[in-house]
Structures are given as C-alpha cells and as structure tokens.
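Colleague: I have a structure I would like to understand better, so I am pasting it below and will then ask my questions one at a time.
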Amino acid sequence: LERTQAGYQMTEAGASIYEITQQIDQANVKASRILLGQDARLEGEINLTMPHEIYDYFLANSIAQFQQQHPDIYFNMQVSRGLRNIANREADLAVRITANPPEDLIGTRVSYFKHAFYKHPDLLIDNETPIIVWEKEKTSPLWALEYFNQPRIVMRVDDLTSMHQAVKSGLGVARMPCFLPDMIADIQVSKIPIDIPLSNWGIWLLNHVDLRNTARINACRAHLKNTLVNYIPFFEGKGVK
C-alpha cells in the first residue's frame, strides 16, 4: 500500500498478487473447515450466531445447559445484526430467520413463521392508521393498504425488539412474527384479530457441509433443535406463555 492525499491505495505490486492472496486465504479457510469436519472430540470452540431475540427469549438457558453438560466446549456467540459468513468460518453453526437458506449450507427448518398485527390497546385506528415498518420500506407495504384505513408511516426500524417497543409505546401498528410479542406477553401490546396466512419464512439451524461430521457441532445442533421444537407453537402463532 502507498499513502496518498485520498488515503491508502494499493500499489501496482500489491494489485498483481491480490487475486493470488485471496485464493490462498480461501484455501486456508477450506482446509480449516475440512480438518474441523473430522474432529470427533466433544471439546473446543463453537462459533455460534443467531438473532438476539432468539438467544434472549428461547436459547440462552438451553446453551448454558449444553455447556454444563460438555464443560470442555466453549462458545463464541455472535448476536449482532447481519448474517455471518459460514463459508469463511465466521460461524460454525447458525440459527437463521430466512425464507431460503444459502445452497452451500445444510440444515433443518424447525418451523415456519406466523405473523400478526399488533398495537397498543388504546391506539385508535378507525380513520387513520399509523404504522411501523422496516427500514427498507419506503412506502406503505401491501399489508397496510389491504387491511387498514389510510396507513401512514410514523417510524422505520431495523430491529424486531425496537419494533415491539414502538408498538408498546402506542406509536402505531406493526406486522411482527408472533413469537416475540406472544413470548413477552405484554398487556400493552395486543394482537389485532386479523388472520394472516402462514409465512414462507421460518427458523433454520444451519452449518457448512464440511462440518457435517464434527462431533461438537452435531451435538450442539441436536440440543438446540430439541429446544426450538418445544417453541414451535410460538413460531406458528399458537403459543400461550
């Protein structure tokens, strides 16, 4: 690299080997995955990623229980926003909310999701409907136009917990996956009695194909699946806390 007024830029020499270094890096990661895939020990690290809502309300106790059963296994937990790259070993095992998981990953769909509309019990929506939507929705979504009178966006959010809090504050109506508001069961967040068809989105347990025989990954995946299966009623909108 060389320093310029615009910042650091790659030199001609660096550019000539950049592609090669990328290939070497990818080969190193693949070699690491292959070796890990043959590891039969119930010990070592697991890079685990999932949405923080799933960890906080469904899996925190389960993961602690698993670690107590296998004290030689430890976790690198990643619950920040954004998908981790499993191919590059940013994560070994992922709990993901998605409609279509990447083709290079193997795993199990635990459940489909049910969505519903939620609002504060005192919020009036007879003439006009304030709505809370996702950050990328620049105009009123189809659900708002189909089910509510004169929808008007009052907030865009990038996080499900924040959306729930906005509904609780009485700011507006939101379309949320049922599992979070039904699990929290806050009396200031009420479900509007409008039935929505089951979503094609669901909750998946995923790992790279090269890790399919790794003992600690398999043990952890089975444990998490057994826990998540117990919560299928919440994911399908039938849960009662």
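We label chains A, B, ... in the order they appear in the structure tokens, count residues from 1 in each chain, and number ligands from 1 in the order shown.
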Residues near range 175-177 of chain A, anyone? I mean within 8 Å using only C-alpha atoms, not counting same-chain ones fewer than 6 positions away, as a list in words.
Modeller: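 Close residues of range 175-177 of chain A: Phe113, Lys114, His115, Ala116, Phe117, Tyr118, Ile132, Val133, Leu160, Phe235 and Gly237 of chain A.
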Colleague: Those residues with N, CA, C and O atoms, as a tab-separated table (two decimals), in the first residue's frame please?
Modeller:
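Written out: again_27.tsv:
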chain	number	residue	atom	x	y	z
A	113	PHE	N	-43.02	-19.45	10.11
A	113	PHE	CA	-43.43	-18.35	10.98
A	113	PHE	C	-44.86	-17.92	10.67
A	113	PHE	O	-45.29	-17.89	9.51
A	114	LYS	N	-45.55	-17.54	11.71
A	114	LYS	CA	-46.83	-16.87	11.59
A	114	LYS	C	-46.64	-15.41	11.97
A	114	LYS	O	-45.95	-15.09	12.95
A	115	HIS	N	-47.21	-14.51	11.19
A	115	HIS	CA	-47.17	-13.09	11.51
A	115	HIS	C	-48.56	-12.64	11.95
A	115	HIS	O	-49.57	-13.27	11.65
A	116	ALA	N	-48.59	-11.53	12.65
A	116	ALA	CA	-49.86	-10.93	13.05
A	116	ALA	C	-49.65	-9.42	13.20
A	116	ALA	O	-48.52	-8.92	13.21
A	117	PHE	N	-50.76	-8.70	13.31
A	117	PHE	CA	-50.72	-7.26	13.52
A	117	PHE	C	-50.87	-6.96	15.01
A	117	PHE	O	-51.72	-7.57	15.69
A	118	TYR	N	-50.07	-6.03	15.49
A	118	TYR	CA	-50.09	-5.68	16.91
A	118	TYR	C	-50.18	-4.17	17.09
A	118	TYR	O	-49.66	-3.41	16.28
A	132	ILE	N	-45.74	1.14	11.75
A	132	ILE	CA	-44.31	0.99	11.99
A	132	ILE	C	-43.80	-0.07	11.03
A	132	ILE	O	-44.33	-1.19	11.01
A	133	VAL	N	-42.79	0.27	10.24
A	133	VAL	CA	-42.34	-0.64	9.18
A	133	VAL	C	-40.83	-0.84	9.29
A	133	VAL	O	-40.15	-0.22	10.11
A	160	LEU	N	-36.31	-6.07	15.53
A	160	LEU	CA	-37.62	-6.54	15.96
A	160	LEU	C	-37.95	-6.10	17.38
A	160	LEU	O	-39.10	-5.72	17.66
A	235	PHE	N	-43.71	-20.01	17.29
A	235	PHE	CA	-43.31	-19.65	15.94
A	235	PHE	C	-44.51	-19.68	14.98
A	235	PHE	O	-44.57	-18.92	14.03
A	237	GLY	N	-47.59	-19.02	15.89
A	237	GLY	CA	-48.64	-18.13	16.36
A	237	GLY	C	-49.70	-18.78	17.23
A	237	GLY	O	-50.78	-18.24	17.41
Colleague: Write out as a list in words which residues come within 12 Å of Pro233 in chain A when counting only C-alpha atoms, dropping same-chain ones fewer than 3 positions away.
Modeller: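 That gives Val110, Ser111, Tyr112, Phe113, Lys114, Cys178, Phe179, Leu180, Asp182, Met183, Leu228, Val229, Asn230, Glu236, Gly237, Lys238, Gly239, Val240 and Lys241 of chain A.
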Colleague: Report as a PDB file with C-alpha atoms, in the first residue's frame: the residues of range 5-220 of chain A with a DSSP assignment of alpha helix (DSSP H), based on the backbone of this structure.
Modeller:
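This went into out-v8.pdb:
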ATOM      1  CA  GLU A  12       0.908  -1.932  -8.681  1.00  0.00           C
ATOM      2  CA  ALA A  13       2.887  -4.724  -6.990  1.00  0.00           C
ATOM      3  CA  GLY A  14       0.081  -5.316  -4.476  1.00  0.00           C
ATOM      4  CA  ALA A  15      -2.544  -5.417  -7.209  1.00  0.00           C
ATOM      5  CA  SER A  16      -0.522  -8.011  -9.130  1.00  0.00           C
ATOM      6  CA  ILE A  17      -0.735 -10.535  -6.270  1.00  0.00           C
ATOM      7  CA  TYR A  18      -4.105  -9.583  -4.774  1.00  0.00           C
ATOM      8  CA  GLU A  19      -6.045 -12.336  -6.540  1.00  0.00           C
ATOM      9  CA  ILE A  20      -3.476 -14.937  -5.535  1.00  0.00           C
ATOM     10  CA  THR A  21      -3.633 -13.916  -1.873  1.00  0.00           C
ATOM     11  CA  GLN A  22      -7.425 -14.163  -1.984  1.00  0.00           C
ATOM     12  CA  GLN A  23      -7.181 -17.708  -3.345  1.00  0.00           C
ATOM     13  CA  ILE A  24      -4.648 -18.628  -0.645  1.00  0.00           C
ATOM     14  CA  ASP A  25      -6.931 -17.233   2.058  1.00  0.00           C
ATOM     15  CA  GLN A  26      -9.921 -19.187   0.734  1.00  0.00           C
ATOM     16  CA  ALA A  27      -7.817 -22.367   0.564  1.00  0.00           C
ATOM     17  CA  ASN A  28      -6.715 -21.880   4.173  1.00  0.00           C
ATOM     18  CA  VAL A  29     -10.321 -21.464   5.323  1.00  0.00           C
ATOM     19  CA  LYS A  30     -11.389 -24.563   3.378  1.00  0.00           C
ATOM     20  CA  ALA A  31      -8.538 -26.592   4.893  1.00  0.00           C
ATOM     21  CA  SER A  32      -9.609 -25.436   8.346  1.00  0.00           C
ATOM     22  CA  ARG A  33     -13.216 -26.500   7.659  1.00  0.00           C
ATOM     23  CA  ILE A  34     -12.143 -29.936   6.390  1.00  0.00           C
ATOM     24  CA  LEU A  35      -9.978 -30.571   9.463  1.00  0.00           C
ATOM     25  CA  LEU A  36     -12.730 -29.387  11.789  1.00  0.00           C
ATOM     26  CA  GLY A  37     -15.171 -31.631   9.926  1.00  0.00           C
ATOM     27  CA  HIS A  52     -30.514 -11.708  19.642  1.00  0.00           C
ATOM     28  CA  GLU A  53     -34.296 -12.160  20.046  1.00  0.00           C
ATOM     29  CA  ILE A  54     -33.900 -15.912  19.560  1.00  0.00           C
ATOM     30  CA  ALA A  60     -29.917 -18.651  26.427  1.00  0.00           C
ATOM     31  CA  ASN A  61     -30.810 -21.201  29.107  1.00  0.00           C
ATOM     32  CA  SER A  62     -30.503 -24.093  26.671  1.00  0.00           C
ATOM     33  CA  ILE A  63     -26.973 -23.093  25.647  1.00  0.00           C
ATOM     34  CA  ALA A  64     -25.953 -22.753  29.293  1.00  0.00           C
ATOM     35  CA  GLN A  65     -27.337 -26.241  29.955  1.00  0.00           C
ATOM     36  CA  PHE A  66     -25.403 -27.668  26.995  1.00  0.00           C
ATOM     37  CA  GLN A  67     -22.170 -26.106  28.202  1.00  0.00           C
ATOM     38  CA  GLN A  68     -22.698 -27.570  31.671  1.00  0.00           C
ATOM     39  CA  GLN A  69     -23.132 -30.997  30.088  1.00  0.00           C
ATOM     40  CA  LEU A 142     -49.190  -4.105   0.892  1.00  0.00           C
ATOM     41  CA  TRP A 143     -50.444  -5.424   4.236  1.00  0.00           C
ATOM     42  CA  ALA A 144     -51.129  -1.896   5.438  1.00  0.00           C
ATOM     43  CA  LEU A 145     -53.017  -0.964   2.272  1.00  0.00           C
ATOM     44  CA  GLU A 146     -55.021  -4.193   2.330  1.00  0.00           C
ATOM     45  CA  TYR A 147     -56.089  -4.298   5.974  1.00  0.00           C
ATOM     46  CA  LEU A 160     -37.619  -6.538  15.957  1.00  0.00           C
ATOM     47  CA  THR A 161     -37.236  -5.706  19.650  1.00  0.00           C
ATOM     48  CA  SER A 162     -37.307  -1.999  18.787  1.00  0.00           C
ATOM     49  CA  MET A 163     -40.450  -2.534  16.707  1.00  0.00           C
ATOM     50  CA  HIS A 164     -42.100  -4.252  19.672  1.00  0.00           C
ATOM     51  CA  GLN A 165     -41.139  -1.360  21.958  1.00  0.00           C
ATOM     52  CA  ALA A 166     -42.547   1.149  19.476  1.00  0.00           C
ATOM     53  CA  VAL A 167     -45.869  -0.713  19.429  1.00  0.00           C
ATOM     54  CA  LYS A 168     -45.847  -0.851  23.237  1.00  0.00           C
ATOM     55  CA  PHE A 179     -43.024 -15.469  18.507  1.00  0.00           C
ATOM     56  CA  LEU A 180     -41.648 -12.311  20.134  1.00  0.00           C
ATOM     57  CA  PRO A 181     -44.808 -10.468  21.271  1.00  0.00           C
ATOM     58  CA  ASP A 182     -46.507 -13.739  22.239  1.00  0.00           C
ATOM     59  CA  MET A 183     -43.490 -14.854  24.287  1.00  0.00           C
ATOM     60  CA  ILE A 184     -43.182 -11.475  26.057  1.00  0.00           C
ATOM     61  CA  ALA A 215     -18.907 -34.121  16.870  1.00  0.00           C
ATOM     62  CA  ARG A 216     -19.340 -30.952  18.898  1.00  0.00           C
ATOM     63  CA  ILE A 217     -21.253 -29.203  16.089  1.00  0.00           C
ATOM     64  CA  ASN A 218     -23.627 -32.149  15.729  1.00  0.00           C
ATOM     65  CA  ALA A 219     -24.152 -32.397  19.476  1.00  0.00           C
ATOM     66  CA  CYS A 220     -24.896 -28.689  19.797  1.00  0.00           C
TER      67      CYS A 220
END
Colleague: Distance CA of Tyr74 in chain A-CA of Glu43 in chain A, one decimal place?
Modeller: 7.8 Å
Colleague: I'd like to know which residues of range 15-173 of chain A are strand (DSSP E or B) (by DSSP, run on the backbone); could you write them as a ChimeraX atom specification?
Modeller: /A:44-49,73-78,93-98,105-112,115-119,129-134,151-157,173
Colleague: Taking into account only C-alpha atoms, which residue in the set A:Leu171, A:Leu206, A:Val154, A:Leu224 is nearest to Leu93 in chain A?
Modeller: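 Between A:Leu171, A:Leu206, A:Val154, A:Leu224, the residue approaching Leu93 in chain A most closely is A:Leu206.
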Colleague: Mind giving me the straight-line distance from CA of Thr227 in chain A to CA of Pro197 in chain A in Å, one decimal?
Modeller: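 Value for the CA of Thr227 in chain A-CA of Pro197 in chain A distance: 25.3 Å.
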Colleague: My list of candidates is A:Asp104, A:Asn207, A:Asn200, A:Leu59. Which is closest to Asn47 in chain A when distances are computed with only C-alpha atoms?
Modeller: A:Asn207
Colleague: Could you give me, as a list in words, the residues within 10 Å of Glu45 in chain A, counting only C-alpha atoms and dropping anything in the same chain fewer than 3 positions from it?
Modeller: Leu42, Leu48, Asp72, Ile73, Tyr74, Phe75, Asn76, Asp92, Arg216 and Ile217 of chain A
Colleague: Got a sec: who's within 9 Å of Lys136 in chain A, counting only C-alpha atoms, leaving out chain neighbours fewer than 4 positions off, as a list in words?
Modeller: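 Residues meeting the cut-off are Arg156, Val157 and Asp158 of chain A.
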Colleague: Set the distance at 9 Å and use only C-alpha atoms: which residues neighbour Asn127 in chain A once local chain neighbours fewer than 3 positions away are removed? I'd like the list as a list in words.
Modeller: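 Listing them by chain and then by number gives Leu124, Phe148, Asn149 and Gln150 of chain A.
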Colleague: Using all heavy atoms, can you write the selected residues to a file as a short mmCIF file (atom, residue, chain, number, x, y, z; two decimals), in the first residue's frame?
Modeller:
data_model
loop_
_atom_site.label_atom_id
_atom_site.label_comp_id
_atom_site.auth_asym_id
_atom_site.auth_seq_id
_atom_site.Cartn_x
_atom_site.Cartn_y
_atom_site.Cartn_z
N LEU A 124 -56.20 4.26 18.60
CA LEU A 124 -57.38 4.30 17.74
C LEU A 124 -56.95 4.28 16.27
O LEU A 124 -56.10 5.07 15.86
CB LEU A 124 -58.20 5.56 18.03
CG LEU A 124 -58.72 5.70 19.48
CD1 LEU A 124 -59.47 7.02 19.64
CD2 LEU A 124 -59.62 4.52 19.85
N PHE A 148 -55.86 -1.89 6.48
CA PHE A 148 -56.07 -0.75 7.36
C PHE A 148 -56.43 0.52 6.59
O PHE A 148 -56.06 0.68 5.42
CB PHE A 148 -54.80 -0.50 8.20
CG PHE A 148 -54.48 -1.65 9.12
CD1 PHE A 148 -53.53 -2.59 8.76
CD2 PHE A 148 -55.15 -1.79 10.33
CE1 PHE A 148 -53.25 -3.66 9.60
CE2 PHE A 148 -54.87 -2.86 11.17
CZ PHE A 148 -53.92 -3.80 10.81
N ASN A 149 -57.15 1.40 7.28
CA ASN A 149 -57.59 2.65 6.68
C ASN A 149 -56.46 3.68 6.68
O ASN A 149 -55.81 3.92 7.71
CB ASN A 149 -58.78 3.23 7.48
CG ASN A 149 -60.01 2.38 7.36
OD1 ASN A 149 -60.27 1.78 6.32
ND2 ASN A 149 -60.77 2.30 8.45
N GLN A 150 -56.23 4.28 5.53
CA GLN A 150 -55.27 5.38 5.37
C GLN A 150 -53.99 5.17 6.18
O GLN A 150 -53.70 5.93 7.11
CB GLN A 150 -55.93 6.70 5.78
CG GLN A 150 -57.15 7.06 4.94
CD GLN A 150 -57.69 8.44 5.28
OE1 GLN A 150 -56.93 9.40 5.41
NE2 GLN A 150 -59.00 8.54 5.42
#
